[in-house]
>>> print(open('work_24.cif').read())   # mmCIF, C-alpha atoms and all ligand atoms
data_final
loop_
_atom_site.label_atom_id
_atom_site.label_comp_id
_atom_site.auth_asym_id
_atom_site.auth_seq_id
_atom_site.Cartn_x
_atom_site.Cartn_y
_atom_site.Cartn_z
CA MET A 1 24.28 3.63 -15.71
CA LYS A 2 22.14 2.01 -13.00
CA LEU A 3 18.45 2.49 -13.77
CA SER A 4 16.96 -0.23 -11.57
CA VAL A 5 14.55 0.82 -8.87
CA GLU A 6 12.87 -0.81 -5.88
CA LEU A 7 9.20 -0.27 -5.17
CA GLY A 8 9.05 -1.92 -1.79
CA ARG A 9 9.82 -5.60 -2.39
CA LEU A 10 9.33 -5.19 -6.17
CA SER A 11 12.43 -4.54 -8.22
CA LEU A 12 12.06 -2.90 -11.65
CA ALA A 13 14.85 -2.89 -14.25
CA ASN A 14 14.08 0.77 -14.85
CA PRO A 15 11.54 3.31 -13.55
CA VAL A 16 9.63 3.87 -16.79
CA CYS A 17 6.29 2.02 -16.88
CA VAL A 18 3.19 2.42 -19.05
CA ALA A 19 -0.05 3.73 -17.57
CA SER A 20 -3.33 1.87 -17.38
CA GLY A 21 -5.65 2.40 -20.34
CA THR A 22 -2.98 3.90 -22.59
CA PHE A 23 -1.15 0.76 -23.69
CA GLY A 24 -4.05 -1.66 -24.15
CA TYR A 25 -3.02 -5.11 -22.96
CA ALA A 26 0.40 -4.60 -24.57
CA LYS A 27 -0.16 -6.95 -27.51
CA GLU A 28 -1.57 -3.96 -29.44
CA MET A 29 1.96 -2.46 -29.18
CA ALA A 30 3.92 -5.60 -30.05
CA GLY A 31 6.26 -4.91 -32.96
CA VAL A 32 6.43 -1.18 -32.24
CA PHE A 33 9.44 -1.64 -29.93
CA ASP A 34 10.99 -4.27 -27.70
CA LEU A 35 8.40 -4.38 -24.91
CA SER A 36 10.81 -6.17 -22.58
CA ARG A 37 12.44 -2.76 -22.11
CA LEU A 38 9.46 -1.50 -20.11
CA GLY A 39 9.95 -1.04 -16.38
CA ALA A 40 6.46 -2.46 -15.84
CA ILE A 41 3.10 -2.69 -17.59
CA ILE A 42 -0.13 -1.55 -15.99
CA PRO A 43 -2.88 -2.95 -18.24
CA LYS A 44 -6.32 -1.40 -18.69
CA THR A 45 -8.29 -1.50 -15.42
CA VAL A 46 -10.36 -4.62 -14.91
CA THR A 47 -13.55 -4.83 -12.90
CA LEU A 48 -15.21 -7.86 -11.34
CA PHE A 49 -17.75 -8.11 -14.16
CA PRO A 50 -17.45 -7.08 -17.84
CA ARG A 51 -18.35 -3.45 -18.60
CA ASP A 52 -19.34 -1.91 -21.92
CA GLY A 53 -18.06 1.56 -21.05
CA ASN A 54 -19.65 4.86 -22.04
CA PRO A 55 -21.41 5.78 -25.29
CA VAL A 56 -19.33 7.44 -28.03
CA SER A 57 -17.68 9.93 -28.40
CA ARG A 58 -15.24 8.62 -25.83
CA ALA A 59 -12.23 10.83 -26.50
CA VAL A 60 -11.56 14.31 -27.85
CA GLU A 61 -8.37 16.27 -28.25
CA THR A 62 -8.06 19.53 -26.30
CA ALA A 63 -5.27 22.10 -26.10
CA GLY A 64 -2.22 20.20 -24.87
CA GLY A 65 -4.30 17.26 -23.80
CA LEU A 66 -6.75 14.46 -24.35
CA LEU A 67 -10.16 14.31 -22.74
CA ASN A 68 -11.51 10.77 -22.40
CA ALA A 69 -14.59 9.14 -21.00
CA ILE A 70 -14.00 5.48 -21.86
CA GLY A 71 -15.83 4.35 -18.73
CA LEU A 72 -13.75 1.29 -17.77
CA ASP A 73 -14.72 -0.78 -20.82
CA ASN A 74 -13.26 -4.23 -20.05
CA ASP A 75 -14.06 -7.95 -20.17
CA GLY A 76 -13.89 -8.52 -16.40
CA ILE A 77 -11.32 -10.19 -14.17
CA ASP A 78 -12.09 -13.81 -15.18
CA SER A 79 -11.48 -13.11 -18.85
CA PHE A 80 -8.35 -11.11 -17.98
CA LEU A 81 -6.85 -13.99 -16.01
CA GLU A 82 -7.76 -16.55 -18.65
CA VAL A 83 -6.95 -14.68 -21.88
CA LYS A 84 -4.90 -11.50 -21.31
CA LEU A 85 -2.62 -12.51 -18.46
CA PRO A 86 -0.97 -15.48 -20.25
CA GLU A 87 -0.15 -13.17 -23.21
CA LEU A 88 1.19 -10.42 -20.95
CA SER A 89 3.30 -12.86 -18.95
CA ARG A 90 5.22 -13.87 -22.06
CA LEU A 91 6.75 -10.39 -22.17
CA HIS A 92 8.72 -11.06 -18.95
CA VAL A 93 7.95 -7.57 -17.68
CA PRO A 94 6.45 -6.97 -14.22
CA ILE A 95 2.66 -6.65 -14.44
CA LEU A 96 0.88 -4.29 -12.06
CA LEU A 97 -2.73 -5.35 -12.33
CA SER A 98 -5.11 -2.39 -12.26
CA ILE A 99 -8.42 -3.25 -10.63
CA ALA A 100 -11.46 -1.20 -9.70
CA ALA A 101 -13.83 -2.45 -7.02
CA ALA A 102 -17.28 -0.88 -6.90
CA GLU A 103 -17.32 -1.23 -3.12
CA PRO A 104 -15.07 -2.70 -0.39
CA ALA A 105 -17.04 -5.97 -0.33
CA GLU A 106 -15.78 -6.72 -3.87
CA CYS A 107 -12.17 -6.71 -2.66
CA ALA A 108 -12.53 -10.13 -1.03
CA VAL A 109 -13.79 -11.58 -4.33
CA PHE A 110 -10.86 -10.03 -6.22
CA GLY A 111 -8.49 -11.32 -3.53
CA GLY A 112 -9.82 -14.85 -3.96
CA LYS A 113 -9.38 -14.74 -7.74
CA LEU A 114 -5.85 -13.35 -7.47
CA ARG A 115 -4.64 -15.84 -4.88
CA ASN A 116 -1.86 -17.98 -6.28
CA VAL A 117 -1.41 -15.81 -9.38
CA PRO A 118 2.35 -15.19 -9.21
CA GLU A 119 2.39 -13.58 -12.68
CA ILE A 120 1.00 -10.44 -11.05
CA ALA A 121 3.80 -8.46 -9.46
CA ALA A 122 1.51 -5.96 -7.76
CA ILE A 123 -2.02 -4.60 -7.71
CA GLU A 124 -2.83 -1.01 -8.60
CA LEU A 125 -6.17 -0.24 -6.97
CA ASN A 126 -7.97 2.31 -9.12
CA ILE A 127 -10.15 4.48 -6.86
CA SER A 128 -9.82 7.44 -9.17
CA CYS A 129 -11.72 6.89 -12.43
CA PRO A 130 -13.78 10.03 -13.10
CA ASN A 131 -15.69 8.40 -15.96
CA VAL A 132 -17.89 5.88 -14.18
CA SER A 133 -20.66 6.44 -11.69
CA LYS A 134 -19.14 6.51 -8.19
CA GLY A 135 -15.66 5.96 -9.74
CA THR A 136 -13.98 8.45 -7.42
CA ASP A 137 -16.17 8.01 -4.32
CA TYR A 138 -13.45 6.06 -2.52
CA GLY A 139 -10.68 8.26 -3.87
CA SER A 140 -11.99 11.65 -2.87
CA ASP A 141 -12.46 11.11 0.85
CA ALA A 142 -9.63 9.96 3.13
CA ARG A 143 -11.92 7.90 5.37
CA LYS A 144 -13.62 6.09 2.47
CA CYS A 145 -10.25 5.53 0.82
CA GLY A 146 -9.15 3.90 4.08
CA GLU A 147 -12.20 1.59 4.00
CA MET A 148 -11.45 0.39 0.48
CA VAL A 149 -7.72 -0.04 1.05
CA THR A 150 -8.25 -1.88 4.34
CA ALA A 151 -10.62 -4.29 2.57
CA MET A 152 -8.13 -4.87 -0.26
CA ARG A 153 -5.23 -5.30 2.16
CA ARG A 154 -7.18 -7.98 4.03
CA ALA A 155 -8.02 -9.70 0.75
CA THR A 156 -4.55 -10.04 -0.75
CA GLU A 157 -0.88 -10.44 0.02
CA HIS A 158 0.08 -8.87 -3.28
CA LEU A 159 2.02 -5.63 -3.23
CA LEU A 160 -0.65 -2.93 -3.24
CA PHE A 161 -0.53 0.50 -4.88
CA VAL A 162 -3.47 2.87 -4.75
CA LYS A 163 -4.08 5.14 -7.73
CA LEU A 164 -5.26 8.56 -6.64
CA THR A 165 -7.40 11.25 -8.20
CA PRO A 166 -6.23 14.86 -8.46
CA ASN A 167 -9.86 16.01 -8.27
CA VAL A 168 -9.71 16.60 -4.53
CA THR A 169 -8.77 19.40 -2.17
CA ASN A 170 -6.04 17.51 -0.34
CA ILE A 171 -4.51 14.57 -2.23
CA ALA A 172 -1.71 14.22 0.34
CA GLU A 173 -4.15 13.48 3.16
CA ILE A 174 -5.74 10.71 1.08
CA ALA A 175 -2.32 9.29 0.13
CA VAL A 176 -1.24 9.18 3.77
CA ASN A 177 -4.45 7.40 4.77
CA ALA A 178 -4.03 4.91 1.92
CA VAL A 179 -0.63 3.89 3.25
CA LYS A 180 -1.76 3.91 6.88
CA SER A 181 -4.59 1.58 5.80
CA GLY A 182 -2.18 -0.93 4.32
CA ALA A 183 -1.12 0.25 0.85
CA ASP A 184 2.52 -0.30 -0.05
CA GLY A 185 2.61 2.85 -2.17
CA VAL A 186 0.55 5.22 -4.27
CA SER A 187 0.28 6.14 -7.95
CA ALA A 188 -0.58 9.74 -8.79
CA ILE A 189 -2.35 10.98 -10.78
CA ASN A 190 -5.38 9.70 -12.66
CA THR A 191 -7.04 12.16 -15.06
CA CYS A 192 -8.34 15.63 -14.17
CA LEU A 193 -12.10 16.07 -14.47
CA GLY A 194 -12.91 18.28 -17.43
CA MET A 195 -15.35 19.05 -20.21
CA ALA A 196 -15.38 19.98 -23.90
CA ILE A 197 -18.34 21.67 -25.59
CA ASP A 198 -19.54 21.96 -29.17
CA TRP A 199 -21.07 25.43 -28.95
CA ARG A 200 -22.78 25.23 -32.34
CA LYS A 201 -24.74 22.14 -31.37
CA ARG A 202 -24.71 23.25 -27.73
CA VAL A 203 -23.80 19.76 -26.53
CA PRO A 204 -20.89 18.24 -24.66
CA ARG A 205 -18.37 16.72 -27.05
CA LEU A 206 -18.17 13.51 -25.00
CA GLY A 207 -20.93 10.90 -24.89
CA ASN A 208 -20.64 10.28 -21.14
CA PRO A 209 -24.15 10.97 -19.70
CA ARG A 210 -22.64 13.67 -17.46
CA GLY A 211 -20.87 15.25 -20.43
CA THR A 212 -17.56 15.20 -18.58
CA GLY A 213 -14.28 13.38 -19.09
CA GLY A 214 -10.77 12.99 -17.72
CA LEU A 215 -8.03 15.27 -19.01
CA SER A 216 -4.55 13.82 -19.57
CA GLY A 217 -1.39 14.60 -21.51
CA PRO A 218 1.06 17.53 -21.31
CA ALA A 219 -1.69 19.87 -20.04
CA VAL A 220 -1.88 18.01 -16.71
CA LYS A 221 1.86 17.66 -16.01
CA PRO A 222 2.09 20.69 -13.68
CA ILE A 223 -0.89 19.42 -11.69
CA ALA A 224 0.65 15.95 -11.44
CA LEU A 225 4.02 17.32 -10.35
CA ARG A 226 2.33 19.39 -7.66
CA CYS A 227 0.42 16.32 -6.43
CA VAL A 228 3.55 14.14 -6.28
CA HIS A 229 5.39 16.91 -4.45
CA GLU A 230 2.59 17.36 -1.88
CA ILE A 231 2.35 13.60 -1.30
CA HIS A 232 6.12 13.33 -0.91
CA GLN A 233 6.15 16.14 1.65
CA ALA A 234 3.26 14.60 3.60
CA PHE A 235 4.95 11.17 3.57
CA ARG A 236 8.13 12.73 4.91
CA ASP A 237 6.21 14.61 7.63
CA ASN A 238 4.48 11.37 8.67
CA GLY A 239 7.64 9.22 8.58
CA ILE A 240 6.31 7.24 5.59
CA THR A 241 8.86 5.82 3.15
CA ALA A 242 6.38 4.18 0.76
CA PRO A 243 7.11 4.71 -2.94
CA ILE A 244 5.19 7.17 -5.10
CA ILE A 245 4.66 6.37 -8.78
CA GLY A 246 4.37 9.63 -10.75
CA ILE A 247 1.93 9.87 -13.67
CA GLY A 248 0.67 12.78 -15.74
CA GLY A 249 1.85 14.29 -18.99
CA ILE A 250 5.20 12.52 -19.04
CA ALA A 251 6.64 12.58 -22.57
CA SER A 252 10.41 12.89 -22.22
CA ALA A 253 13.39 11.92 -20.08
CA GLU A 254 13.42 15.48 -18.69
CA ASP A 255 9.82 14.96 -17.53
CA VAL A 256 10.79 11.70 -15.81
CA LEU A 257 13.58 13.40 -13.89
CA GLU A 258 11.30 16.28 -12.84
CA PHE A 259 8.90 13.75 -11.32
CA MET A 260 11.74 11.98 -9.53
CA VAL A 261 13.05 15.21 -8.05
CA ALA A 262 9.47 15.89 -6.86
CA GLY A 263 9.50 12.53 -5.05
CA ALA A 264 8.49 9.78 -7.50
CA ALA A 265 10.42 6.51 -7.31
CA ALA A 266 9.07 5.43 -10.70
CA VAL A 267 6.80 6.87 -13.38
CA GLN A 268 4.12 5.82 -15.83
CA VAL A 269 3.84 7.17 -19.35
CA GLY A 270 0.24 7.50 -20.55
CA THR A 271 -1.19 9.71 -23.27
CA ALA A 272 2.23 10.20 -24.92
CA ASN A 273 2.01 6.55 -26.06
CA PHE A 274 -0.86 7.56 -28.36
CA TYR A 275 0.91 10.36 -30.23
CA ASN A 276 4.42 8.91 -29.99
CA PRO A 277 4.30 5.11 -29.67
CA THR A 278 8.08 4.87 -29.26
CA VAL A 279 8.21 7.44 -26.46
CA VAL A 280 9.30 4.89 -23.83
CA PRO A 281 12.41 3.62 -25.67
CA GLN A 282 13.26 7.23 -26.53
CA ILE A 283 13.09 8.14 -22.84
CA LEU A 284 15.18 5.11 -21.88
CA ASP A 285 17.81 5.99 -24.48
CA THR A 286 18.02 9.60 -23.28
CA LEU A 287 17.92 9.12 -19.48
CA PRO A 288 21.51 7.86 -19.04
CA GLN A 289 22.86 10.72 -21.14
CA LEU A 290 21.02 13.37 -19.10
CA LEU A 291 22.15 11.84 -15.83
CA ASP A 292 25.70 11.52 -17.08
CA GLU A 293 25.76 15.19 -18.09
CA ALA A 294 24.56 16.09 -14.58
CA GLY A 295 27.28 13.89 -13.00
CA ILE A 296 24.77 11.45 -11.49
CA SER A 297 25.75 7.77 -11.54
CA ASP A 298 22.66 6.32 -9.84
CA PHE A 299 19.47 8.20 -10.61
CA ARG A 300 17.92 7.07 -7.32
CA GLU A 301 19.98 9.76 -5.61
CA ILE A 302 17.75 12.47 -7.10
CA ILE A 303 14.44 11.09 -5.79
CA GLY A 304 12.70 13.69 -3.62
CA THR A 305 15.56 16.18 -3.71
CA LEU A 306 13.51 19.27 -4.56
CA LYS A 307 14.91 22.31 -2.78
CA GLN A 308 12.91 25.20 -1.35
CA PRO A 309 12.46 27.98 -3.88
CA GLY A 310 15.45 30.29 -3.57
CA SER A 311 14.85 33.81 -2.30
CA MET A 312 15.17 35.71 -5.55
CA PRO A 313 16.12 39.35 -5.13
CA ILE A 314 13.34 41.63 -6.39
CA HIS A 315 14.59 44.32 -8.71
CA ARG A 316 13.71 47.72 -7.30
CA SER A 317 12.10 48.81 -10.56
CA CYS A 318 9.56 45.97 -10.12
CA LEU A 319 8.32 47.46 -6.89
CA ARG A 320 5.46 49.92 -7.00
CA PRO A 321 6.24 53.33 -5.48
CA GLN A 322 4.91 53.53 -1.89
C1 LIG B 1 -7.82 6.79 -23.02
C2 LIG B 1 -7.41 6.66 -21.58
C3 LIG B 1 -7.87 5.58 -20.84
C4 LIG B 1 -7.50 5.46 -19.50
N1 LIG B 1 -7.92 4.37 -18.79
C5 LIG B 1 -7.52 4.21 -17.51
C6 LIG B 1 -7.87 3.04 -16.78
O1 LIG B 1 -8.54 2.13 -17.27
N2 LIG B 1 -7.45 2.95 -15.49
C7 LIG B 1 -6.67 3.92 -14.89
O2 LIG B 1 -6.29 3.76 -13.73
N3 LIG B 1 -6.30 5.02 -15.58
C8 LIG B 1 -6.71 5.18 -16.86
N4 LIG B 1 -6.32 6.29 -17.55
C9 LIG B 1 -5.49 7.31 -16.88
C10 LIG B 1 -4.00 7.09 -17.15
O3 LIG B 1 -3.57 5.84 -16.71
C11 LIG B 1 -3.17 8.21 -16.49
O4 LIG B 1 -3.32 8.13 -15.09
C12 LIG B 1 -3.58 9.60 -16.95
O5 LIG B 1 -3.91 9.59 -18.32
C13 LIG B 1 -2.48 10.65 -16.71
O6 LIG B 1 -1.30 10.31 -17.39
P1 LIG B 1 -0.93 10.90 -18.86
O7 LIG B 1 -1.15 12.38 -18.80
O8 LIG B 1 0.48 10.51 -19.08
O9 LIG B 1 -1.88 10.23 -19.80
C14 LIG B 1 -6.67 6.43 -18.89
C15 LIG B 1 -6.22 7.51 -19.64
C16 LIG B 1 -6.57 7.65 -20.98
C17 LIG B 1 -6.05 8.82 -21.76
#
>>> encode(input="work_24.cif", output="structure tokens")
Amino acid sequence: MKLSVELGRLSLANPVCVASGTFGYAKEMAGVFDLSRLGAIIPKTVTLFPRDGNPVSRAVETAGGLLNAIGLDNDGIDSFLEVKLPELSRLHVPILLSIAAAEPAECAVFGGKLRNVPEIAAIELNISCPNVSKGTDYGSDARKCGEMVTAMRRATEHLLFVKLTPNVTNIAEIAVNAVKSGADGVSAINTCLGMAIDWRKRVPRLGNPRGTGGLSGPAVKPIALRCVHEIHQAFRDNGITAPIIGIGGIASAEDVLEFMVAGAAAVQVGTANFYNPTVVPQILDTLPQLLDEAGISDFREIIGTLKQPGSMPIHRSCLRPQ
């Protein structure tokens, strides 16, 4: 069964990757399964300078999901390149480096640091973190998104994916502008802005100064599917063939195939890694069987094949009397 996939000029052995912030820098997962099976690794987002992140509590469980407000805790790009990247490279899995620039001017600095770093297969530009001040400013407005992506495109020749926020009215418009501004593809979605409250103490359950966090896990899958579908439709309407990487609540091979039918060329597994650390090999073991049962020899043939909802006959007894 052929599971390889092309994301522009990047070829992945399979479409199942792990999402930023949910797989550490991979070494935390060493020994759990053979990490060389991963389609790609997207490590925790790095910023130009180290960040401490938000005060605790940084994560709480909610119905069907996880609400987090980590706040981009990381050691900065210099430390990543010096310490984390050599370890990650030993896994021989494509690395999509997730970076967050506070403003377009930072892109040139990132670009300079990433020049001649062939270990990085692509950049995932995170303009969608809801847990830091101004984290979604460039992801929630098509024009501002264009400014950031244009700056990053000028700064690097690396393959460039832009990670989008679902916390907008029209994600498709922003995705189209990202590609028109030079992105090679988009990743969707980051977490959905939410809140959890301890009513007895009458305080938010997260330590983030705004009391909010990003919701992920099975609860967000329908939102993510809708976003991927809308982006895929808008790409088609604008003659754009750029790949979409689907993210949000993926926890099984069935989920992966749903995202591909909606238009994703590859997927990232996030929160499921926390409650089922072997979810990725389980998905990879099950995918060929599901495709085989459906008579599909190359799964790429299902990408973006969602049909219009059929016109279901309405049973007369369901109609109210006139
Ligand atoms: C604890 C945690 C930390 C995260 N950190 C990042 C991050 O640093 N950068 C990023 O782009 N997304 C981050 N995300 C978002 C995930 O990469 C993913 O987009 C989101 O969780 C939806 O996928 P899921 O429902 O499969 O988790 C984080 C998510 C969680 C749960």
>>> atom_distance(input="work_24.cif", atom1="CA of Leu10 (chain A)", atom2="CA of Pro43 (chain A)")
17.3 Å
>>> residues_near_ligand(input="work_24.cif", ligand="ligand LIG 1 (chain B)", cutoff="7 Å", atoms="only C-alpha atoms and all ligand atoms", output="MDAnalysis selection string")
chainID A and resid 19:22 44:45 59 66:68 70 72 98 126 128:129 163 189:191 216:218 220:221 247:250 268:272
>>> residues_around(input="work_24.cif", residues="Lys27 (chain A)", least_positions_apart="4", cutoff="10 Å", atoms="all atoms listed in the file", output="MDAnalysis selection string")
chainID A and resid 23 31:32 35 84 87:88 91
>>> residues_near_point(input="work_24.cif", point="(10.1, 6.9, -7.0)", cutoff="10 Å", atoms="all atoms listed in the file", output="list in words")
Val5, Glu6, Leu7, Pro15, Gly185, Ser187, Val228, His232, Ala242, Pro243, Ile244, Ile245, Gly246, Phe259, Met260, Val261, Ala262, Gly263, Ala264, Ala265, Ala266, Val267, Arg300, Ile302, Ile303 and Gly304 of chain A
>>> atom_distance(input="work_24.cif", atom1="CA of Asp255 (chain A)", atom2="CA of Val279 (chain A)")
11.8 Å
>>> closest_residue(input="work_24.cif", among="A:Gly310, A:Pro104, A:Pro281, A:Pro86", to="Leu38 (chain A)", atoms="only C-alpha atoms")
A:Pro281
>>> atom_distance(input="work_24.cif", atom1="CA of Arg154 (chain A)", atom2="CA of Phe235 (chain A)")
22.7 Å
>>> closest_residue(input="work_24.cif", among="A:Ala142, A:Ile127, A:Ala102, A:Ala253", to="Thr165 (chain A)", atoms="only C-alpha atoms")
A:Ile127
>>> closest_residue(input="work_24.cif", among="A:Val186, A:Ala175, A:Val46, A:Val60", to="Phe80 (chain A)", atoms="all atoms listed in the file")
A:Val46
>>> closest_residue(input="work_24.cif", among="A:Glu82, A:Asp137, A:Glu157, A:Asp198", to="Ala121 (chain A)", atoms="only C-alpha atoms")
A:Glu157
>>> decode(input="work_24.cif", residues="region 244-271 of chain A", atoms="N, CA and C atoms", output="PDB file, in the first residue's frame")
ATOM      1  N   ILE A 244      -2.778  21.278   2.039  1.00  0.00           N
ATOM      2  CA  ILE A 244      -3.336  21.615   3.352  1.00  0.00           C
ATOM      3  C   ILE A 244      -2.946  20.490   4.301  1.00  0.00           C
ATOM      4  N   ILE A 245      -2.412  20.853   5.461  1.00  0.00           N
ATOM      5  CA  ILE A 245      -2.130  19.848   6.486  1.00  0.00           C
ATOM      6  C   ILE A 245      -3.239  19.959   7.533  1.00  0.00           C
ATOM      7  N   GLY A 246      -3.986  18.871   7.718  1.00  0.00           N
ATOM      8  CA  GLY A 246      -5.139  18.879   8.625  1.00  0.00           C
ATOM      9  C   GLY A 246      -4.719  18.536  10.049  1.00  0.00           C
ATOM     10  N   ILE A 247      -5.233  19.309  11.007  1.00  0.00           N
ATOM     11  CA  ILE A 247      -4.919  19.086  12.425  1.00  0.00           C
ATOM     12  C   ILE A 247      -6.180  19.353  13.244  1.00  0.00           C
ATOM     13  N   GLY A 248      -6.401  18.539  14.271  1.00  0.00           N
ATOM     14  CA  GLY A 248      -7.507  18.830  15.185  1.00  0.00           C
ATOM     15  C   GLY A 248      -8.282  17.587  15.551  1.00  0.00           C
ATOM     16  N   GLY A 249      -7.969  17.040  16.722  1.00  0.00           N
ATOM     17  CA  GLY A 249      -8.744  15.925  17.244  1.00  0.00           C
ATOM     18  C   GLY A 249      -8.494  14.590  16.566  1.00  0.00           C
ATOM     19  N   ILE A 250      -7.447  14.485  15.798  1.00  0.00           N
ATOM     20  CA  ILE A 250      -7.205  13.225  15.078  1.00  0.00           C
ATOM     21  C   ILE A 250      -6.677  12.166  16.051  1.00  0.00           C
ATOM     22  N   ALA A 251      -7.357  11.007  16.070  1.00  0.00           N
ATOM     23  CA  ALA A 251      -6.990   9.967  17.037  1.00  0.00           C
ATOM     24  C   ALA A 251      -7.118   8.568  16.450  1.00  0.00           C
ATOM     25  N   SER A 252      -7.435   8.473  15.163  1.00  0.00           N
ATOM     26  CA  SER A 252      -7.589   7.145  14.554  1.00  0.00           C
ATOM     27  C   SER A 252      -7.357   7.245  13.047  1.00  0.00           C
ATOM     28  N   ALA A 253      -7.223   6.075  12.417  1.00  0.00           N
ATOM     29  CA  ALA A 253      -7.051   6.046  10.962  1.00  0.00           C
ATOM     30  C   ALA A 253      -8.306   6.576  10.264  1.00  0.00           C
ATOM     31  N   GLU A 254      -9.471   6.294  10.848  1.00  0.00           N
ATOM     32  CA  GLU A 254     -10.722   6.825  10.276  1.00  0.00           C
ATOM     33  C   GLU A 254     -10.669   8.356  10.253  1.00  0.00           C
ATOM     34  N   ASP A 255     -10.198   8.945  11.364  1.00  0.00           N
ATOM     35  CA  ASP A 255     -10.088  10.405  11.432  1.00  0.00           C
ATOM     36  C   ASP A 255      -9.185  10.926  10.309  1.00  0.00           C
ATOM     37  N   VAL A 256      -8.044  10.254  10.130  1.00  0.00           N
ATOM     38  CA  VAL A 256      -7.092  10.687   9.094  1.00  0.00           C
ATOM     39  C   VAL A 256      -7.785  10.725   7.740  1.00  0.00           C
ATOM     40  N   LEU A 257      -8.534   9.665   7.435  1.00  0.00           N
ATOM     41  CA  LEU A 257      -9.168   9.579   6.113  1.00  0.00           C
ATOM     42  C   LEU A 257     -10.267  10.623   5.961  1.00  0.00           C
ATOM     43  N   GLU A 258     -10.968  10.933   7.056  1.00  0.00           N
ATOM     44  CA  GLU A 258     -11.979  12.006   6.988  1.00  0.00           C
ATOM     45  C   GLU A 258     -11.316  13.324   6.598  1.00  0.00           C
ATOM     46  N   PHE A 259     -10.172  13.621   7.214  1.00  0.00           N
ATOM     47  CA  PHE A 259      -9.472  14.873   6.894  1.00  0.00           C
ATOM     48  C   PHE A 259      -8.997  14.879   5.443  1.00  0.00           C
ATOM     49  N   MET A 260      -8.587  13.710   4.952  1.00  0.00           N
ATOM     50  CA  MET A 260      -8.092  13.674   3.569  1.00  0.00           C
ATOM     51  C   MET A 260      -9.236  13.871   2.584  1.00  0.00           C
ATOM     52  N   VAL A 261     -10.365  13.265   2.874  1.00  0.00           N
ATOM     53  CA  VAL A 261     -11.532  13.486   2.009  1.00  0.00           C
ATOM     54  C   VAL A 261     -11.914  14.976   2.025  1.00  0.00           C
ATOM     55  N   ALA A 262     -11.768  15.620   3.188  1.00  0.00           N
ATOM     56  CA  ALA A 262     -12.092  17.057   3.275  1.00  0.00           C
ATOM     57  C   ALA A 262     -11.097  17.920   2.506  1.00  0.00           C
ATOM     58  N   GLY A 263      -9.902  17.369   2.205  1.00  0.00           N
ATOM     59  CA  GLY A 263      -8.948  18.141   1.405  1.00  0.00           C
ATOM     60  C   GLY A 263      -7.531  18.178   1.945  1.00  0.00           C
ATOM     61  N   ALA A 264      -7.266  17.496   3.059  1.00  0.00           N
ATOM     62  CA  ALA A 264      -5.903  17.509   3.615  1.00  0.00           C
ATOM     63  C   ALA A 264      -5.005  16.543   2.848  1.00  0.00           C
ATOM     64  N   ALA A 265      -3.775  16.985   2.574  1.00  0.00           N
ATOM     65  CA  ALA A 265      -2.803  16.111   1.916  1.00  0.00           C
ATOM     66  C   ALA A 265      -1.987  15.338   2.946  1.00  0.00           C
ATOM     67  N   ALA A 266      -1.965  15.840   4.163  1.00  0.00           N
ATOM     68  CA  ALA A 266      -1.289  15.170   5.281  1.00  0.00           C
ATOM     69  C   ALA A 266      -1.981  15.638   6.551  1.00  0.00           C
ATOM     70  N   VAL A 267      -1.638  15.007   7.672  1.00  0.00           N
ATOM     71  CA  VAL A 267      -2.287  15.382   8.936  1.00  0.00           C
ATOM     72  C   VAL A 267      -1.242  15.433  10.049  1.00  0.00           C
ATOM     73  N   GLN A 268      -1.626  16.091  11.122  1.00  0.00           N
ATOM     74  CA  GLN A 268      -0.817  16.071  12.343  1.00  0.00           C
ATOM     75  C   GLN A 268      -1.685  15.572  13.488  1.00  0.00           C
ATOM     76  N   VAL A 269      -1.091  14.688  14.282  1.00  0.00           N
ATOM     77  CA  VAL A 269      -1.768  14.182  15.480  1.00  0.00           C
ATOM     78  C   VAL A 269      -1.242  14.973  16.673  1.00  0.00           C
ATOM     79  N   GLY A 270      -2.146  15.507  17.483  1.00  0.00           N
ATOM     80  CA  GLY A 270      -1.740  16.341  18.612  1.00  0.00           C
ATOM     81  C   GLY A 270      -2.078  15.735  19.952  1.00  0.00           C
ATOM     82  N   THR A 271      -3.172  16.216  20.531  1.00  0.00           N
ATOM     83  CA  THR A 271      -3.557  15.842  21.893  1.00  0.00           C
ATOM     84  C   THR A 271      -3.632  14.329  22.109  1.00  0.00           C
TER      85      THR A 271
END
